[in-house]
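Participant: Got a file for you: start-v6.txt, compact mmCIF, C-alpha atoms.
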```
# COMPACT_ATOMS: atom_id res chain seq x y z
CA MET A 1 135.45 63.28 -242.26
CA VAL A 2 138.84 62.73 -243.86
CA ARG A 3 141.11 65.73 -244.12
CA VAL A 4 143.92 65.75 -246.63
CA LYS A 5 146.85 67.83 -245.48
CA GLY A 6 147.35 70.81 -247.77
CA ASP A 7 144.16 70.04 -249.71
CA SER A 8 141.37 72.58 -249.13
CA ARG A 9 138.76 70.47 -250.94
CA PHE A 10 137.92 68.62 -247.71
CA ARG A 11 138.58 71.40 -245.20
CA VAL A 12 135.60 72.25 -243.02
CA LEU A 13 137.09 74.00 -239.99
CA GLY A 14 138.09 77.60 -240.44
CA GLU A 15 136.65 81.02 -241.23
CA GLY A 16 137.00 81.14 -245.00
CA ALA A 17 133.85 81.43 -247.12
CA ASN A 18 134.24 77.84 -248.31
CA GLN A 19 134.58 76.53 -244.78
CA ILE A 20 131.54 78.51 -243.58
CA ALA A 21 129.42 77.10 -246.40
CA ARG A 22 130.65 73.55 -245.80
CA GLN A 23 129.70 73.76 -242.15
CA ALA A 24 126.18 74.68 -243.31
CA ALA A 25 126.34 71.77 -245.74
CA LEU A 26 126.97 69.41 -242.83
CA LEU A 27 123.90 70.80 -241.03
CA PHE A 28 121.77 70.20 -244.13
CA ALA A 29 123.20 66.71 -244.51
CA LEU A 30 122.39 66.00 -240.85
CA SER A 31 118.83 67.21 -241.37
CA GLY A 32 118.49 65.09 -244.52
CA LEU A 33 119.77 61.98 -242.80
CA SER A 34 117.37 62.63 -239.92
CA ALA A 35 114.49 62.68 -242.41
CA LEU A 36 115.67 59.44 -244.02
CA THR A 37 115.98 57.63 -240.70
CA SER A 38 112.39 58.65 -239.89
CA ILE A 39 110.96 56.81 -242.92
CA PRO A 40 110.89 53.31 -241.33
CA THR A 41 109.03 54.63 -238.28
CA GLN A 42 106.57 56.71 -240.34
CA PRO A 43 105.92 54.82 -243.58
CA SER A 44 102.77 56.85 -244.25
CA HIS A 45 104.96 59.93 -244.75
CA ALA A 46 107.67 58.12 -246.69
CA GLY A 47 107.12 60.16 -249.86
CA VAL A 48 107.22 63.55 -248.17
CA LEU A 49 110.14 62.57 -245.97
CA SER A 50 112.02 61.51 -249.08
CA VAL A 51 111.33 64.90 -250.64
CA ILE A 52 112.54 66.69 -247.50
CA ALA A 53 115.63 64.50 -247.32
CA GLY A 54 116.32 65.09 -251.01
CA ALA A 55 115.96 68.87 -250.60
CA ASP A 56 118.30 68.85 -247.63
CA LEU A 57 120.93 66.71 -249.29
CA LEU A 58 120.73 68.67 -252.57
CA THR A 59 121.19 71.92 -250.66
CA ALA A 60 124.11 70.38 -248.79
CA LEU A 61 125.72 69.34 -252.08
CA ILE A 62 125.27 72.80 -253.60
CA ALA A 63 126.59 74.48 -250.46
CA TRP A 64 129.65 72.24 -250.54
CA LEU A 65 130.49 72.62 -254.23
CA LEU A 66 129.90 76.30 -254.97
CA PRO A 67 133.09 78.45 -255.19
CA TRP A 68 132.26 80.58 -252.17
CA GLN A 69 135.85 81.84 -251.89
CA ARG A 70 135.13 84.15 -254.82
CA TRP A 71 132.52 86.07 -252.85
CA ASP A 72 132.08 87.95 -249.62
CA PRO A 73 131.87 85.45 -246.70
CA ARG A 74 128.71 87.21 -245.52
CA LEU A 75 126.96 85.94 -248.64
CA THR A 76 126.98 82.44 -247.11
CA ALA A 77 124.17 83.64 -244.83
CA VAL A 78 121.72 83.09 -247.73
CA LEU A 79 122.05 79.36 -247.03
CA ALA A 80 119.91 79.91 -243.95
CA LEU A 81 116.91 80.72 -246.18
CA PRO A 82 116.53 77.25 -247.75
CA GLY A 83 117.15 75.86 -244.29
CA PHE A 84 114.21 77.82 -242.88
CA ALA A 85 112.08 76.77 -245.87
CA VAL A 86 112.78 73.06 -245.37
CA LEU A 87 112.09 73.36 -241.63
CA GLY A 88 108.79 75.07 -242.36
CA LEU A 89 107.84 72.32 -244.82
CA SER A 90 108.72 69.66 -242.26
CA THR A 91 106.54 71.32 -239.62
CA TRP A 92 103.62 71.51 -242.06
CA VAL A 93 104.02 67.86 -243.17
CA PHE A 94 103.88 66.62 -239.60
CA GLY A 95 100.73 68.55 -238.86
CA GLY A 96 102.31 71.29 -236.80
CA PHE A 97 104.63 69.10 -234.77
CA ALA A 98 107.44 71.64 -234.23
CA ALA A 99 109.40 69.78 -231.55
CA GLY A 100 111.48 68.01 -234.20
CA THR A 101 112.34 71.17 -236.14
CA GLY A 102 112.96 73.53 -233.21
CA PRO A 103 116.53 72.33 -232.53
CA PHE A 104 117.45 72.89 -236.16
CA PHE A 105 116.28 76.52 -235.94
CA VAL A 106 118.68 76.91 -233.00
CA LEU A 107 121.48 75.18 -234.92
CA LEU A 108 121.05 77.51 -237.90
CA PHE A 109 121.24 80.58 -235.67
CA ALA A 110 124.26 79.09 -233.89
CA TRP A 111 125.98 78.65 -237.28
CA LEU A 112 125.07 82.22 -238.26
CA GLY A 113 126.37 83.56 -234.95
CA LEU A 114 129.67 81.76 -235.37
CA HIS A 115 130.46 83.51 -238.65
CA GLN A 116 128.14 86.48 -239.24
CA PRO A 117 127.68 89.92 -237.65
CA ILE A 118 124.72 90.58 -235.38
CA TRP A 119 122.81 92.55 -238.02
CA ILE A 120 122.64 89.47 -240.26
CA LEU A 121 121.27 87.42 -237.37
CA ALA A 122 118.65 90.11 -236.81
CA ALA A 123 117.79 90.11 -240.53
CA CYS A 124 117.18 86.33 -240.33
CA VAL A 125 114.63 86.65 -237.52
CA PRO A 126 111.64 87.57 -239.80
CA PRO A 127 112.11 84.68 -242.29
CA ALA A 128 112.75 82.28 -239.40
CA THR A 129 109.58 83.44 -237.66
CA ILE A 130 107.54 83.04 -240.85
CA ALA A 131 109.00 79.57 -241.47
CA TYR A 132 108.08 78.56 -237.92
CA VAL A 133 104.64 80.20 -237.57
CA ALA A 134 103.17 79.85 -241.09
CA PRO A 135 102.91 76.02 -241.10
CA LEU A 136 101.44 76.07 -237.59
CA VAL A 137 98.75 78.50 -238.72
CA ALA A 138 98.18 76.48 -241.92
CA VAL A 139 97.31 73.35 -239.95
CA ASP A 140 95.18 75.23 -237.38
CA SER A 141 97.51 74.57 -234.48
CA PRO A 142 96.28 75.76 -231.09
CA ALA A 143 97.19 79.31 -230.10
CA PRO A 144 99.65 78.18 -227.38
CA VAL A 145 101.58 76.20 -230.00
CA VAL A 146 101.66 79.12 -232.42
CA SER A 147 102.71 81.49 -229.66
CA SER A 148 105.66 79.22 -228.88
CA ALA A 149 107.41 81.15 -231.63
CA LEU A 150 107.63 84.00 -229.11
CA VAL A 151 109.97 81.78 -227.13
CA LEU A 152 111.80 79.66 -229.68
CA ILE A 153 112.90 82.32 -232.16
CA PRO A 154 114.16 84.78 -229.50
CA VAL A 155 115.99 81.91 -227.82
CA ALA A 156 117.53 80.86 -231.14
CA PHE A 157 118.52 84.47 -231.85
CA GLY A 158 119.93 84.84 -228.33
CA VAL A 159 122.04 81.73 -228.71
CA GLY A 160 123.35 83.01 -232.05
CA ALA A 161 124.04 86.48 -230.63
CA LEU A 162 125.92 85.01 -227.66
CA ILE A 163 128.02 82.86 -229.97
CA ALA A 164 128.65 85.87 -232.22
CA ALA A 165 129.85 87.95 -229.27
CA GLN A 166 132.13 85.18 -228.04
CA ALA A 167 133.48 84.55 -231.54
CA ARG A 168 134.18 88.26 -231.95
CA HIS A 169 136.04 88.26 -228.61
CA LEU A 170 138.10 85.22 -229.58
CA ARG A 171 138.97 86.76 -232.96
CA ALA A 172 140.11 89.94 -231.21
CA GLU A 173 142.26 87.89 -228.84
CA ARG A 174 143.69 85.92 -231.75
CA ASP A 175 144.47 89.13 -233.65
CA ARG A 176 146.15 90.54 -230.54
CA ALA A 177 148.24 87.40 -230.20
CA ASP A 178 149.15 87.62 -233.87
CA ARG A 179 150.25 91.23 -233.43
CA VAL A 180 152.34 90.27 -230.42
CA GLU A 181 153.95 87.47 -232.40
CA ARG A 182 154.64 89.80 -235.33
CA TRP A 183 156.09 92.31 -232.90
CA ARG A 184 158.31 89.63 -231.34
CA ALA A 185 159.48 88.43 -234.74
CA ALA A 186 160.14 91.99 -235.89
CA MET A 187 162.12 92.79 -232.76
CA THR A 188 164.13 89.60 -233.22
CA ALA A 189 164.83 90.52 -236.84
CA THR A 190 165.80 94.06 -235.83
CA LEU A 191 168.16 92.84 -233.14
CA ALA A 192 169.72 90.22 -235.43
CA HIS A 193 170.25 92.80 -238.19
CA ASP A 194 171.39 95.74 -236.05
CA LEU A 195 173.64 93.69 -233.79
CA ARG A 196 175.43 91.72 -236.49
CA GLN A 197 177.30 94.54 -238.20
CA PRO A 198 178.62 96.42 -235.13
CA LEU A 199 179.62 93.20 -233.38
CA THR A 200 181.49 92.02 -236.48
CA THR A 201 183.27 95.37 -236.77
CA MET A 202 184.18 95.40 -233.09
CA GLN A 203 185.41 91.82 -233.19
CA ALA A 204 187.60 92.44 -236.22
CA ALA A 205 189.04 95.69 -234.82
CA LEU A 206 189.81 94.29 -231.38
CA LYS A 207 191.27 91.10 -232.83
CA LEU A 208 193.56 93.09 -235.09
CA VAL A 209 194.66 95.39 -232.26
CA SER A 210 195.27 92.42 -229.99
CA SER A 211 197.23 90.35 -232.51
CA LEU A 212 199.30 93.21 -233.93
CA HIS A 213 199.54 95.39 -230.86
CA ASP A 214 203.33 95.86 -230.97
CA ASP A 215 203.62 96.19 -234.74
CA LEU A 216 200.49 98.29 -235.37
CA ASP A 217 200.94 101.89 -236.36
CA PRO A 218 199.64 104.17 -233.56
CA ALA A 219 197.39 106.06 -235.96
CA ARG A 220 195.96 102.81 -237.30
CA ARG A 221 195.49 101.50 -233.75
CA LYS A 222 193.67 104.69 -232.79
CA ALA A 223 191.38 104.45 -235.83
CA LEU A 224 190.49 100.85 -235.05
CA LEU A 225 189.74 101.62 -231.41
CA GLU A 226 187.64 104.63 -232.42
CA SER A 227 185.72 102.40 -234.82
CA ALA A 228 185.08 99.86 -232.06
CA HIS A 229 183.99 102.66 -229.74
CA ALA A 230 181.59 104.01 -232.38
CA GLN A 231 180.03 100.57 -232.71
CA THR A 232 179.57 100.27 -228.95
CA MET A 233 177.76 103.62 -229.08
CA ARG A 234 175.59 102.20 -231.85
CA LEU A 235 174.67 99.23 -229.69
CA THR A 236 173.95 101.57 -226.79
CA ARG A 237 171.63 103.57 -229.05
CA LEU A 238 169.85 100.39 -230.09
CA ALA A 239 169.32 99.38 -226.46
CA THR A 240 168.03 102.88 -225.67
CA THR A 241 165.63 102.69 -228.61
CA LEU A 242 164.20 99.38 -227.41
CA LEU A 243 163.77 100.80 -223.92
CA ASP A 244 162.10 103.89 -225.37
CA VAL A 245 159.59 101.73 -227.23
CA GLU A 246 158.69 99.98 -223.98
CA ARG A 247 158.43 103.29 -222.11
CA ILE A 248 156.23 104.83 -224.80
CA ASP A 249 153.91 101.81 -224.76
CA GLN A 250 153.59 102.21 -220.97
CA GLY A 251 153.35 106.01 -221.08
CA LYS A 252 156.56 106.36 -219.04
CA LEU A 253 158.89 108.04 -221.54
CA ARG A 254 160.69 111.04 -220.04
CA LEU A 255 162.39 113.67 -222.18
CA ASP A 256 165.42 115.69 -221.21
CA LEU A 257 164.41 118.84 -223.09
CA ARG A 258 167.03 121.45 -223.85
CA ASN A 259 168.06 123.80 -226.64
CA VAL A 260 169.88 121.60 -229.17
CA PRO A 261 171.85 122.89 -232.18
CA VAL A 262 170.24 121.23 -235.18
CA ALA A 263 173.43 121.06 -237.25
CA ALA A 264 175.29 119.33 -234.41
CA ALA A 265 172.46 116.80 -233.99
CA ILE A 266 172.57 116.03 -237.71
CA ASN A 267 176.34 115.51 -237.59
CA GLU A 268 175.94 113.14 -234.64
CA ALA A 269 173.29 111.19 -236.55
CA LYS A 270 175.52 110.93 -239.61
CA ALA A 271 178.05 109.01 -237.53
CA PHE A 272 175.62 106.09 -237.43
CA VAL A 273 175.08 106.03 -241.21
CA SER A 274 177.67 104.24 -243.31
CA THR A 275 177.25 106.25 -246.54
CA VAL A 276 177.79 109.76 -245.19
CA GLU A 277 179.10 110.92 -248.56
CA ASP A 278 175.55 110.61 -249.91
CA ILE A 279 174.19 113.08 -247.34
CA ARG A 280 174.08 116.83 -247.89
CA VAL A 281 173.26 119.20 -245.03
CA PHE A 282 171.76 122.67 -245.47
CA VAL A 283 171.33 124.01 -241.96
CA ASP A 284 172.29 127.27 -240.29
CA GLU A 285 174.86 126.58 -237.58
CA ASP A 286 172.99 128.85 -235.16
CA LEU A 287 169.60 127.15 -235.57
CA GLN A 288 168.39 125.45 -232.40
CA VAL A 289 165.41 123.27 -231.48
CA ARG A 290 163.81 122.41 -228.13
CA ALA A 291 164.30 118.66 -227.88
CA ASP A 292 165.85 115.72 -226.09
CA PRO A 293 169.29 115.37 -227.77
CA ASP A 294 169.36 111.56 -227.79
CA ARG A 295 165.80 111.23 -229.08
CA LEU A 296 166.35 113.90 -231.74
CA GLU A 297 169.42 112.01 -232.89
CA GLN A 298 167.34 108.81 -233.07
CA ILE A 299 164.68 110.55 -235.17
CA LEU A 300 167.31 111.85 -237.60
CA VAL A 301 169.07 108.47 -237.81
CA ASN A 302 165.81 106.67 -238.61
CA LEU A 303 164.75 109.20 -241.26
CA THR A 304 168.19 109.28 -242.89
CA ALA A 305 168.58 105.50 -242.89
CA ASN A 306 165.09 105.15 -244.35
CA ALA A 307 165.91 107.64 -247.12
CA LEU A 308 169.13 105.81 -248.02
CA ARG A 309 167.45 102.40 -247.89
CA HIS A 310 164.32 103.15 -249.91
CA GLY A 311 165.26 106.22 -251.94
CA ARG A 312 168.24 107.34 -253.98
CA PRO A 313 171.13 109.61 -253.07
CA PRO A 314 171.82 112.34 -252.46
CA VAL A 315 169.85 112.71 -249.25
CA ASP A 316 169.34 116.38 -248.40
CA ILE A 317 168.74 117.44 -244.80
CA SER A 318 167.58 121.01 -244.33
CA ALA A 319 166.03 122.96 -241.47
CA ARG A 320 164.57 126.37 -240.77
CA ARG A 321 162.61 128.14 -238.11
CA LYS A 322 159.00 129.01 -238.93
CA ASP A 323 157.10 130.92 -236.24
CA HIS A 324 157.20 128.77 -233.09
CA VAL A 325 158.44 125.55 -234.67
CA VAL A 326 161.60 124.27 -236.29
CA GLN A 327 160.96 122.48 -239.56
CA ILE A 328 163.43 119.71 -240.45
CA ASP A 329 163.22 118.11 -243.91
CA VAL A 330 164.88 114.84 -244.96
CA ARG A 331 164.56 114.39 -248.70
CA ASP A 332 165.87 111.71 -251.06
CA HIS A 333 165.85 111.61 -254.87
CA GLY A 334 164.24 108.23 -255.47
CA ALA A 335 160.86 107.21 -256.83
CA GLY A 336 158.89 108.43 -253.82
CA VAL A 337 156.30 106.54 -251.82
CA PRO A 338 153.48 104.74 -253.70
CA GLU A 339 150.04 106.20 -253.01
CA HIS A 340 148.69 102.96 -251.56
CA VAL A 341 151.47 102.97 -248.94
CA GLU A 342 151.21 106.61 -247.82
CA GLY A 343 148.39 106.00 -245.34
CA ARG A 344 150.38 103.44 -243.35
CA LEU A 345 153.89 104.89 -243.55
CA PHE A 346 154.18 105.51 -239.82
CA GLY A 347 152.40 102.38 -238.59
CA ARG A 348 154.04 99.65 -236.56
CA LEU A 349 155.28 96.67 -238.59
CA GLU A 350 154.43 98.41 -241.87
CA GLY A 351 157.79 97.70 -243.44
CA ASP A 352 158.56 97.17 -247.12
CA ALA A 353 157.94 93.48 -247.81
CA GLY A 354 160.27 93.71 -250.82
CA HIS A 355 163.23 94.91 -248.76
CA PRO A 356 165.01 92.36 -246.55
CA ASP A 357 166.16 94.99 -244.03
CA SER A 358 162.78 96.61 -243.53
CA VAL A 359 160.72 95.37 -240.56
CA GLY A 360 158.49 98.41 -240.13
CA LEU A 361 159.84 99.83 -236.86
CA GLY A 362 162.01 102.79 -237.83
CA MET A 363 159.35 105.19 -239.07
CA TRP A 364 156.94 104.10 -236.34
CA ILE A 365 159.53 104.84 -233.65
CA ALA A 366 160.33 108.19 -235.30
CA ARG A 367 156.64 109.14 -235.19
CA LEU A 368 156.29 108.17 -231.53
CA LEU A 369 159.38 110.17 -230.55
CA VAL A 370 158.28 113.22 -232.55
CA GLU A 371 154.81 113.14 -231.01
CA ALA A 372 156.34 112.73 -227.54
CA HIS A 373 158.00 116.13 -228.16
CA GLY A 374 154.62 117.61 -229.08
CA GLY A 375 155.61 117.76 -232.75
CA THR A 376 154.42 116.31 -236.03
CA ILE A 377 155.94 114.20 -238.79
CA THR A 378 154.51 114.10 -242.32
CA TYR A 379 155.35 112.80 -245.76
CA GLN A 380 155.32 114.92 -248.93
CA PRO A 381 156.17 113.94 -252.52
CA ALA A 382 159.34 115.77 -253.56
CA ASN A 383 159.22 115.21 -257.35
CA PRO A 384 161.54 113.41 -257.54
CA GLY A 385 161.89 111.59 -254.29
CA ALA A 386 160.28 111.59 -250.88
CA ARG A 387 160.36 114.33 -248.27
CA PHE A 388 159.73 113.67 -244.60
CA ARG A 389 159.08 116.80 -242.59
CA VAL A 390 159.48 116.96 -238.81
CA CYS A 391 158.13 119.96 -236.95
CA LEU A 392 159.38 120.41 -233.37
CA PRO A 393 159.01 123.26 -230.88
CA ALA A 394 161.48 126.11 -231.29
CA PRO A 395 163.31 127.55 -228.26
CA GLU A 396 161.64 130.51 -226.62
CA CYS A 397 163.30 133.76 -227.56
```
For this file, produce the structure as structure tokens.

Facilitator:
Amino acid sequence: MVRVKGDSRFRVLGEGANQIARQAALLFALSGLSALTSIPTQPSHAGVLSVIAGADLLTALIAWLLPWQRWDPRLTAVLALPGFAVLGLSTWVFGGFAAGTGPFFVLLFAWLGLHQPIWILAACVPPATIAYVAPLVAVDSPAPVVSSALVLIPVAFGVGALIAAQARHLRAERDRADRVERWRAAMTATLAHDLRQPLTTMQAALKLVSSLHDDLDPARRKALLESAHAQTMRLTRLATTLLDVERIDQGKLRLDLRNVPVAAAINEAKAFVSTVEDIRVFVDEDLQVRADPDRLEQILVNLTANALRHGRPPVDISARRKDHVVQIDVRDHGAGVPEHVEGRLFGRLEGDAGHPDSVGLGMWIARLLVEAHGGTITYQPANPGARFRVCLPAPEC
């Protein structure tokens, strides 16, 4: 077989519908060639063998050329039916000699097991049994020969089922490896993005302070050093976030719960957002929530940054106590979240493919931290805009 790089017309290996059908086509071609090579040794059956070979090769050609990619890959299982029919015809032609067709029954079930669910293999057992037994009965084969179907078909099904189980396991392992790779790539992208800006700011501030130390106005020097300090705090928060993700995955996250003033937590979070002028806060100064201060700040930073990135200003942050919970709302005035995205808003790596800064970690981390507090986070359309509501335990009175 010649494979042309980048050309799917000759691709056989793989799990696409076309590749599944082409693998079946190769089995039919093998069966057809086997029939043709038998003609010189059995000239009395040359005509029938030619018919069998022609049927096999025609089926192989059809299986290869049909546009299977347009249909459900499970539909390729219908190719087993002409295979069973040709095997039954071959058994009948050779007067019930099933030894030559038995391996092909096993091969068909192996092919089915490689690509199809178990229920399809089970559905193929009746037609396979008929294709095997009917010609034996038609030629009055002895009972022991007919009863061999009780061994061959279950063995063929067992081989297919074993292959199906192993293929399912390998696909699960491959998917897990793909998720790990996506996670690694996303973490790399997050680090590259989140580290670049603070490091650049720190470098510029420290370079300016160093080069102009004697001539720099004290107020200007103080502002630059405060900016560098703020960026080091940002990097510290990033490192803490990455450690929190690892701890949550391992079930080892510990919270330092205390009564936290909500307004103060929001003001701390605003320090990490560059466009603070686009943020409006509507919170009672006396309102408190039972939370870990650092994790609450992280939740607010992620929600606010998400609102500024994907929505439109102003971003309104409000909070109120309702029974035994504190309800915190972060609302933007953009277009809102499309319906087809709502169900996966808080999933890992479910970022916005159209936004270069979105890798799908922020909202996922926010959800994990909220749930670690025993709270909930939900999305609601705001008309206009999007509203994310966090409910956390309120302090005991």

Participant: For segment 158-167 of chain A, list every protein, DNA or RNA residue within 9 Å, evaluated using all atoms listed in the file, and leave out those in the same chain fewer than 5 positions away; present the list as a VMD selection string.

Facilitator: chain A and resid 106 to 118 121 to 122 153 172

Participant: Report as a PyMOL selection string all protein, DNA and RNA residues lying within 7 Å of Val262 of chain A, evaluated on only C-alpha atoms, omitting residues in the same chain fewer than 3 positions from it.

Facilitator: chain A and resi 265-266+287-289

Participant: Return as a Markdown table the residues of segment 205-308 of chain A lying at most 12 Å from segment 334-343 of chain A, together with the closest atom-to-atom pair for each and the distance in Å to one decimal, counting all atoms listed in the file, with rows in chain order and ascending residue number.

Facilitator:
```
| residue | atom | partner | partner_atom | distance |
| --- | --- | --- | --- | --- |
| A:Asn306 | CA | A:Gly334 | CA | 11.6 |
| A:Ala307 | CA | A:Gly334 | CA | 8.5 |
| A:Leu308 | CA | A:Gly334 | CA | 9.2 |
```

Participant: Tell me which protein, DNA and RNA residues are within 8 Å of segment 387-389 of chain A, counting only C-alpha atoms, leaving out same-chain ones fewer than 6 positions away, and put them as number ranges by chain.

Facilitator: A: 303, 327-332, 377-381

Participant: Just want the 7 Å neighbourhood of segment 129-137 of chain A, counted on all atoms listed in the file, with same-chain residues fewer than 6 positions away dropped. Output as a list in words.

Facilitator: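 The residues satisfying every condition are Phe84, Ala85, Leu87, Gly88, Thr91, Trp92, Gly96, Val146, Ala149 and Ile153 of chain A.
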
Participant: Would you mind telling me which residue in A:Arg168, A:Ala230, A:Gly102, A:Cys391 lies nearest to Ser148 of chain A when using all atoms listed in the file?

Facilitator: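 Residue with the minimum atom-to-atom distance to Ser148 of chain A: A:Gly102.
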
Participant: Could you check how far atom CA of Ala60 of chain A sits from atom CA of Ala80 of chain A, in Å to one decimal?

Facilitator: 11.5 Å

Participant: Please compute the atom CA of Pro261 of chain A-atom CA of Leu235 of chain A distance, one decimal, in Å.

Facilitator: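 Between atom CA of Pro261 of chain A and atom CA of Leu235 of chain A the gap works out to 24.0 Å.
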
Participant: So what do you get for atom CA of Met233 of chain A versus atom CA of Met363 of chain A, distance-wise?

Facilitator: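 Taking atom CA of Met233 of chain A and atom CA of Met363 of chain A, their separation equals 21.0 Å.
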
Participant: Give me the residues near His229 of chain A as a list in words, where near means some atom within 12 Å (using all atoms listed in the file) and where sequence neighbours in that chain fewer than 6 positions away do not count.

Facilitator: Pro198, Leu199, Thr201, Met202, Gln203, Ala205, Leu206, Lys222, Ala223, Leu235, Thr236, Ala271 and Phe272 of chain A

Participant: Counting all atoms listed in the file, figure out which residue out of A:Ala21, A:Leu30, A:Ile39, A:Ile365 gets nearest to Thr76 of chain A.

Facilitator: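 Of A:Ala21, A:Leu30, A:Ile39, A:Ile365, the one nearest Thr76 of chain A is A:Ala21, counting all atoms listed in the file.
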